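To start, the structure under review is shown below, and the notes come after it.
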Amino acid sequence: MKQALLIFILAFTIGAVAQDSGQKTIKDTAEYNTYVAASSTADPAQKCAAFDSYFTTYPNSIMKPEGYAQELAACQQANKPEKAMAVADLLLQVEPTNLNALVVKTVSLLGKPDIQGAGAFGLRGINSLAAATKGEGETDAAFQQRKTALTNIFNFAAGRAALENKDWSNARKYLRTATEINPDDANNDYWLARAYLGEPKKDRSDDSSINGLFFWARVVVKTAAANPAFSQSEDKVGLGFYKSFHGYANSGHIIAPGNICQYEIGPLVGTEKEKVVLTTNQDVGKACNDSADGWEDIKATAAANPLPPAGFTIKKVPPPTNVDLINAMVKKTAPEKMDVGTWIFIFGTGAQEPSVKPLADEVWGKVVNKRIRFEGVVVATEPLKDKEGNVVDLDKIIKEQQAKAAAAAKAGKAYKPEPLPDTTPQKIVMGVTLADDGSVNKNKEVEVSMLNPIKLPEAGIKFQMEATLRSRVENANDKNNPVTLVMDEGEPFGTSVPAPDKKSPAHPPAHKASAGTSVAKKSSGM
């Protein structure tokens, strides 16, 4: 609060300064003369000093309430804020409900800022107003005007303190009272908007969102001329709140030349209105939607009305369903050209939502048995195993056979290699989709059986894989990992192809595999 507010409230407090009631008598002549002289001093600064001197000389004066009230008013008029604060403290000790002292403390603490201290005095002021009476010579109109001004100040302070404590209900109550008293004060609108919209969205009622957006818009339009940079900043934040509450009916992407939004989701898709011309160019491919529609109307209403008019509301548009999203994906990209992460979203959603299942099955029919390249993060690996489930070290077996063959050749004997053991293929489990923090999920999203044995990668590293999609395992009760795609004939590609080991003999092109496991290399395709 600026010091000017202290001067502003004088018009409402000076007239209510307690006067000598005539029922008290100062018996000491010297004290009486000193008190009368102080009361009769015209210059505010001199009067402030005179009363200070009087109470220093007569600390036990019976005129403390009346004298402190006059001294406080004089110190205010003399623009001595620190002295006024000290006198207000003294006055409240002898008259706890003195409105002038309470408003001086409230405004001064707001200016420090000591919001909690100001809020405490604001609450005292609100309670004291209920029993307030007219000052001597004060008209009914002046008394009511004074009460209204003080109600505004006390409620503003109490509301600010409640807001700081995240006491949303009381913050809205007190700040709304202040705003209704003085709707032309953008400061009231500013804090009231935050009292409504500061509450977490999951706890916030629709009524709070609607009121908050109105007052936020009012701050935007009321500060546009005096502080355009601030207004523009508030506009962006307010629009963000509006989009979150309002939602959108149509969504799509920017297409060339950069100012055309082509909708892919919503009722306008397939109509002559599915392409919308934007006012500014944006990057091609950037998402666009109609969630901002209506914000300008809210600002126009806020500019024309100090408070939300009767019947004011904001329409909420339900977000697109997963059926809408997947239909849009299929329309934009053929299923066989989608990435693995999109497949996982479609099939995982189909596993959990019966309404999506038919669409997921339709996509599945177009991609099963397709060979694809993708990248993910290794979650786990499984080595070669024999039919009893024992780990098989194929490298060791091959080296032993090669050593025997070399020894037989040296001795001039023929060597018949022993058959390689019947094994299950190596498997690599990978995560493909992104978590909220941007990292790759460490879920069992893809399981790949390898075509030929390789040096298995460590968990946690990125790995590039080429494999053929064969089946999917649905985990409907696992919200984090609702589907696992099962692939075979896996081969590393790109940077994931291991460098040749010159010291180790090359593996045979293929080894005998257990029934049902293909070892013949397929033609590569995307």
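Residues in the structure tokens are numbered from 1 in each chain, the chains being A, B, ... in the order shown, and ligands are numbered from 1 in the order shown.
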I'd like the neighbourhood of region 362-374 of chain A as a list in words, where a residue qualifies if any of its atoms comes within 8 Å (using only C-alpha atoms), though same-chain residues fewer than 3 positions away should be ignored. Pro335, Glu336, Asp339, Val340, Phe347, Pro358, Leu359, Gln464, Met465, Glu466, Ala467, Thr468, Leu469, Arg470, Ser471, Ser524, Gly525 and Met526 of chain A
Just-selected residues, N, CA, C and O atoms written as a CSV table (one decimal), in the first residue's frame:
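Written file, result_28.csv:
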chain,number,residue,atom,x,y,z
A,335,PRO,N,-1.9,-46.9,-40.4
A,335,PRO,CA,-1.4,-47.7,-39.2
A,335,PRO,C,-0.1,-48.3,-39.4
A,335,PRO,O,0.8,-48.4,-38.5
A,336,GLU,N,0.2,-48.9,-40.6
A,336,GLU,CA,1.5,-49.5,-40.9
A,336,GLU,C,2.7,-48.6,-40.9
A,336,GLU,O,3.8,-49.0,-40.8
A,339,ASP,N,4.5,-45.2,-35.6
A,339,ASP,CA,5.7,-45.7,-34.8
A,339,ASP,C,5.1,-46.6,-33.7
A,339,ASP,O,3.9,-46.7,-33.5
A,340,VAL,N,6.1,-47.3,-33.1
A,340,VAL,CA,5.7,-48.3,-32.1
A,340,VAL,C,5.0,-47.7,-30.9
A,340,VAL,O,4.1,-48.3,-30.3
A,347,PHE,N,-3.2,-49.9,-28.8
A,347,PHE,CA,-3.6,-51.2,-28.3
A,347,PHE,C,-3.8,-51.2,-26.8
A,347,PHE,O,-4.6,-52.0,-26.2
A,358,PRO,N,-12.8,-52.3,-30.7
A,358,PRO,CA,-13.0,-52.6,-32.2
A,358,PRO,C,-12.0,-51.8,-33.0
A,358,PRO,O,-11.5,-52.3,-34.0
A,359,LEU,N,-11.8,-50.5,-32.7
A,359,LEU,CA,-10.9,-49.7,-33.5
A,359,LEU,C,-9.4,-50.2,-33.4
A,359,LEU,O,-8.7,-50.3,-34.4
A,464,GLN,N,18.5,-49.9,-30.8
A,464,GLN,CA,17.8,-49.9,-32.0
A,464,GLN,C,17.6,-51.3,-32.5
A,464,GLN,O,18.5,-52.1,-32.6
A,465,MET,N,16.3,-51.6,-32.8
A,465,MET,CA,15.9,-52.9,-33.1
A,465,MET,C,15.1,-53.0,-34.4
A,465,MET,O,14.3,-52.1,-34.7
A,466,GLU,N,15.3,-54.1,-35.2
A,466,GLU,CA,14.4,-54.4,-36.3
A,466,GLU,C,13.8,-55.8,-36.0
A,466,GLU,O,14.5,-56.7,-35.6
A,467,ALA,N,12.5,-55.9,-36.0
A,467,ALA,CA,11.8,-57.1,-35.7
A,467,ALA,C,10.4,-57.2,-36.3
A,467,ALA,O,10.0,-56.2,-37.0
A,468,THR,N,9.8,-58.4,-36.2
A,468,THR,CA,8.5,-58.6,-36.8
A,468,THR,C,7.4,-58.8,-35.7
A,468,THR,O,7.6,-59.5,-34.8
A,469,LEU,N,6.4,-58.0,-35.8
A,469,LEU,CA,5.3,-58.0,-34.9
A,469,LEU,C,4.4,-59.2,-35.0
A,469,LEU,O,3.9,-59.5,-36.1
A,470,ARG,N,4.3,-60.0,-33.9
A,470,ARG,CA,3.5,-61.3,-34.0
A,470,ARG,C,2.2,-61.3,-33.2
A,470,ARG,O,1.2,-61.8,-33.6
A,471,SER,N,2.3,-60.7,-32.0
A,471,SER,CA,1.1,-60.8,-31.1
A,471,SER,C,1.2,-59.7,-30.1
A,471,SER,O,2.2,-59.0,-30.0
A,524,SER,N,14.1,-57.5,-45.0
A,524,SER,CA,13.9,-56.3,-44.1
A,524,SER,C,13.0,-55.3,-44.8
A,524,SER,O,13.1,-55.1,-46.0
A,525,GLY,N,12.1,-54.8,-44.0
A,525,GLY,CA,11.2,-53.7,-44.5
A,525,GLY,C,10.7,-52.9,-43.4
A,525,GLY,O,10.8,-53.2,-42.2
A,526,MET,N,10.1,-51.7,-43.7
A,526,MET,CA,9.6,-50.8,-42.7
A,526,MET,C,8.1,-50.8,-42.7
A,526,MET,O,7.5,-50.9,-43.8
Which of region 240-277 of chain A end up as strand (DSSP E or B) when DSSP is run on this backbone - answer as an NGL selection string? :A and (251-255 or 260-265 or 275-277)
Write a file of the selected residues as a JSON list (two decimals), in the first residue's frame, keeping N, CA and C atoms.
[["chain", "number", "residue", "atom", "x", "y", "z"],
["A", 251, "SER", "N", -9.48, -29.93, -32.82],
["A", 251, "SER", "CA", -8.03, -29.86, -32.65],
["A", 251, "SER", "C", -7.35, -30.40, -33.90],
["A", 252, "GLY", "N", -6.15, -29.85, -34.17],
["A", 252, "GLY", "CA", -5.42, -30.30, -35.35],
["A", 252, "GLY", "C", -4.00, -29.78, -35.34],
["A", 253, "HIS", "N", -3.44, -29.52, -36.53],
["A", 253, "HIS", "CA", -2.07, -29.06, -36.66],
["A", 253, "HIS", "C", -1.98, -27.96, -37.71],
["A", 254, "ILE", "N", -0.92, -27.17, -37.59],
["A", 254, "ILE", "CA", -0.65, -26.10, -38.55],
["A", 254, "ILE", "C", -0.12, -26.72, -39.83],
["A", 255, "ILE", "N", -0.66, -26.32, -40.96],
["A", 255, "ILE", "CA", -0.16, -26.78, -42.25],
["A", 255, "ILE", "C", 0.37, -25.58, -43.02],
["A", 260, "ILE", "N", -2.51, -21.75, -41.36],
["A", 260, "ILE", "CA", -3.72, -22.54, -41.55],
["A", 260, "ILE", "C", -3.73, -23.67, -40.53],
["A", 261, "CYS", "N", -4.78, -23.70, -39.70],
["A", 261, "CYS", "CA", -4.97, -24.79, -38.76],
["A", 261, "CYS", "C", -5.96, -25.77, -39.38],
["A", 262, "GLN", "N", -5.50, -26.98, -39.62],
["A", 262, "GLN", "CA", -6.39, -28.00, -40.17],
["A", 262, "GLN", "C", -6.80, -28.93, -39.03],
["A", 263, "TYR", "N", -8.11, -28.96, -38.74],
["A", 263, "TYR", "CA", -8.62, -29.78, -37.66],
["A", 263, "TYR", "C", -8.61, -31.26, -38.05],
["A", 264, "GLU", "N", -8.26, -32.09, -37.08],
["A", 264, "GLU", "CA", -8.24, -33.54, -37.28],
["A", 264, "GLU", "C", -9.14, -34.24, -36.27],
["A", 265, "ILE", "N", -9.55, -33.50, -35.23],
["A", 265, "ILE", "CA", -10.44, -34.03, -34.20],
["A", 265, "ILE", "C", -11.59, -33.06, -34.02],
["A", 275, "LYS", "N", -10.63, -26.19, -41.95],
["A", 275, "LYS", "CA", -9.40, -25.40, -42.05],
["A", 275, "LYS", "C", -9.70, -23.98, -41.60],
["A", 276, "VAL", "N", -8.91, -23.51, -40.63],
["A", 276, "VAL", "CA", -9.13, -22.19, -40.03],
["A", 276, "VAL", "C", -7.91, -21.32, -40.27],
["A", 277, "VAL", "N", -8.11, -20.10, -40.74],
["A", 277, "VAL", "CA", -7.01, -19.16, -40.97],
["A", 277, "VAL", "C", -6.69, -18.45, -39.66]]
Write out as a ChimeraX atom specification all residues of region 312-475 of chain A that backbone DSSP assigns to helix (DSSP H, G or I). /A:322-332,335-337,340-352,357-367,394-410
Could you list, as a list in words, every residue within 7 Å of region 318-323 of chain A, counting only C-alpha atoms and ignoring same-chain residues fewer than 3 positions away? Gly247, Tyr248, Ala249, Ile326, Asn327 and Val356 of chain A
Restricted to N, CA, C and O atoms, what would the selected residues look like written as a compact mmCIF listing (two decimals), in the first residue's frame?
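Final file, result.txt:
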# COMPACT_ATOMS: atom_id res chain seq x y z
N GLY A 247 -11.77 -25.97 -22.40
CA GLY A 247 -11.56 -27.12 -23.27
C GLY A 247 -11.68 -26.72 -24.72
O GLY A 247 -11.66 -25.55 -25.08
N TYR A 248 -11.81 -27.72 -25.59
CA TYR A 248 -11.94 -27.41 -27.01
C TYR A 248 -12.72 -28.52 -27.72
O TYR A 248 -12.74 -29.68 -27.30
N ALA A 249 -13.38 -28.13 -28.78
CA ALA A 249 -14.17 -29.08 -29.54
C ALA A 249 -13.43 -29.59 -30.77
O ALA A 249 -13.73 -30.66 -31.27
N ILE A 326 -7.86 -41.60 -31.66
CA ILE A 326 -7.33 -42.68 -32.50
C ILE A 326 -7.86 -42.57 -33.92
O ILE A 326 -7.13 -42.81 -34.89
N ASN A 327 -9.12 -42.20 -34.06
CA ASN A 327 -9.64 -41.97 -35.42
C ASN A 327 -8.84 -40.89 -36.14
O ASN A 327 -8.55 -41.00 -37.34
N VAL A 356 -12.97 -48.60 -27.40
CA VAL A 356 -11.82 -48.45 -28.31
C VAL A 356 -11.41 -49.80 -28.90
O VAL A 356 -10.75 -49.85 -29.93
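The residue set within 7 Å of region 177-185 of chain A, counting only C-alpha atoms and dropping same-chain residues fewer than 5 places from it, reads Asn152, Asn155, Phe156 and Pro306 of chain A.
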Distance query Leu485 (chain A) at most 8 Å, only C-alpha atoms, self and fewer than 2 positions along chain excluded, as a short mmCIF file (atom, residue, chain, number, x, y, z; two decimals) with N, CA and C atoms, in the first residue's frame:
data_model
loop_
_atom_site.label_atom_id
_atom_site.label_comp_id
_atom_site.auth_asym_id
_atom_site.auth_seq_id
_atom_site.Cartn_x
_atom_site.Cartn_y
_atom_site.Cartn_z
N ILE A 344 1.42 -48.79 -29.25
CA ILE A 344 1.25 -49.14 -27.84
C ILE A 344 0.10 -48.33 -27.23
N GLU A 445 7.03 -53.02 -22.54
CA GLU A 445 6.15 -52.60 -23.64
C GLU A 445 6.39 -53.41 -24.91
N VAL A 446 7.63 -53.85 -25.11
CA VAL A 446 7.97 -54.66 -26.28
C VAL A 446 8.88 -55.80 -25.83
N GLU A 447 8.55 -57.02 -26.27
CA GLU A 447 9.40 -58.19 -26.00
C GLU A 447 9.82 -58.77 -27.34
N LEU A 469 6.36 -57.97 -35.85
CA LEU A 469 5.28 -57.98 -34.86
C LEU A 469 4.43 -59.24 -35.04
N ARG A 470 4.26 -60.00 -33.93
CA ARG A 470 3.53 -61.26 -34.03
C ARG A 470 2.25 -61.30 -33.18
N SER A 471 2.31 -60.75 -31.97
CA SER A 471 1.13 -60.83 -31.10
C SER A 471 1.18 -59.71 -30.07
N ARG A 472 0.10 -59.60 -29.31
CA ARG A 472 0.08 -58.63 -28.23
C ARG A 472 -0.54 -59.26 -26.98
N VAL A 473 0.02 -58.90 -25.84
CA VAL A 473 -0.47 -59.40 -24.57
C VAL A 473 -1.12 -58.23 -23.84
N VAL A 483 -0.39 -53.05 -22.24
CA VAL A 483 -0.17 -53.96 -23.36
C VAL A 483 1.32 -54.19 -23.55
N MET A 487 7.36 -59.59 -30.43
CA MET A 487 7.98 -59.63 -31.75
C MET A 487 9.01 -60.74 -31.80
#
Region 72-86 of chain A surroundings by only C-alpha atoms, 7 Å radius, close-in-sequence under 2 positions cut, as a ChimeraX atom specification: /A:14,44-45,47-48,68-70,88-90,104-105
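Taking CA of Lys315 (chain A) and CA of Ile210 (chain A) as endpoints, the distance between them is 9.3 Å.
Considering the residues A:Ala158, A:Thr56, A:Lys64, A:Lys286 and counting only C-alpha atoms, Ile26 (chain A) has its shortest atom-to-atom contact with A:Lys64.
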Which residues come within 12 Å of region 375-382 of chain A, counting only C-alpha atoms, excluding same-chain residues fewer than 5 positions away, as a PyMOL selection string? chain A and resi 339-341+389-392+424-434+439-450+453-467+491-496
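As for CA of Ala360 (chain A) and CA of Asp290 (chain A), they are spaced 27.5 Å apart.
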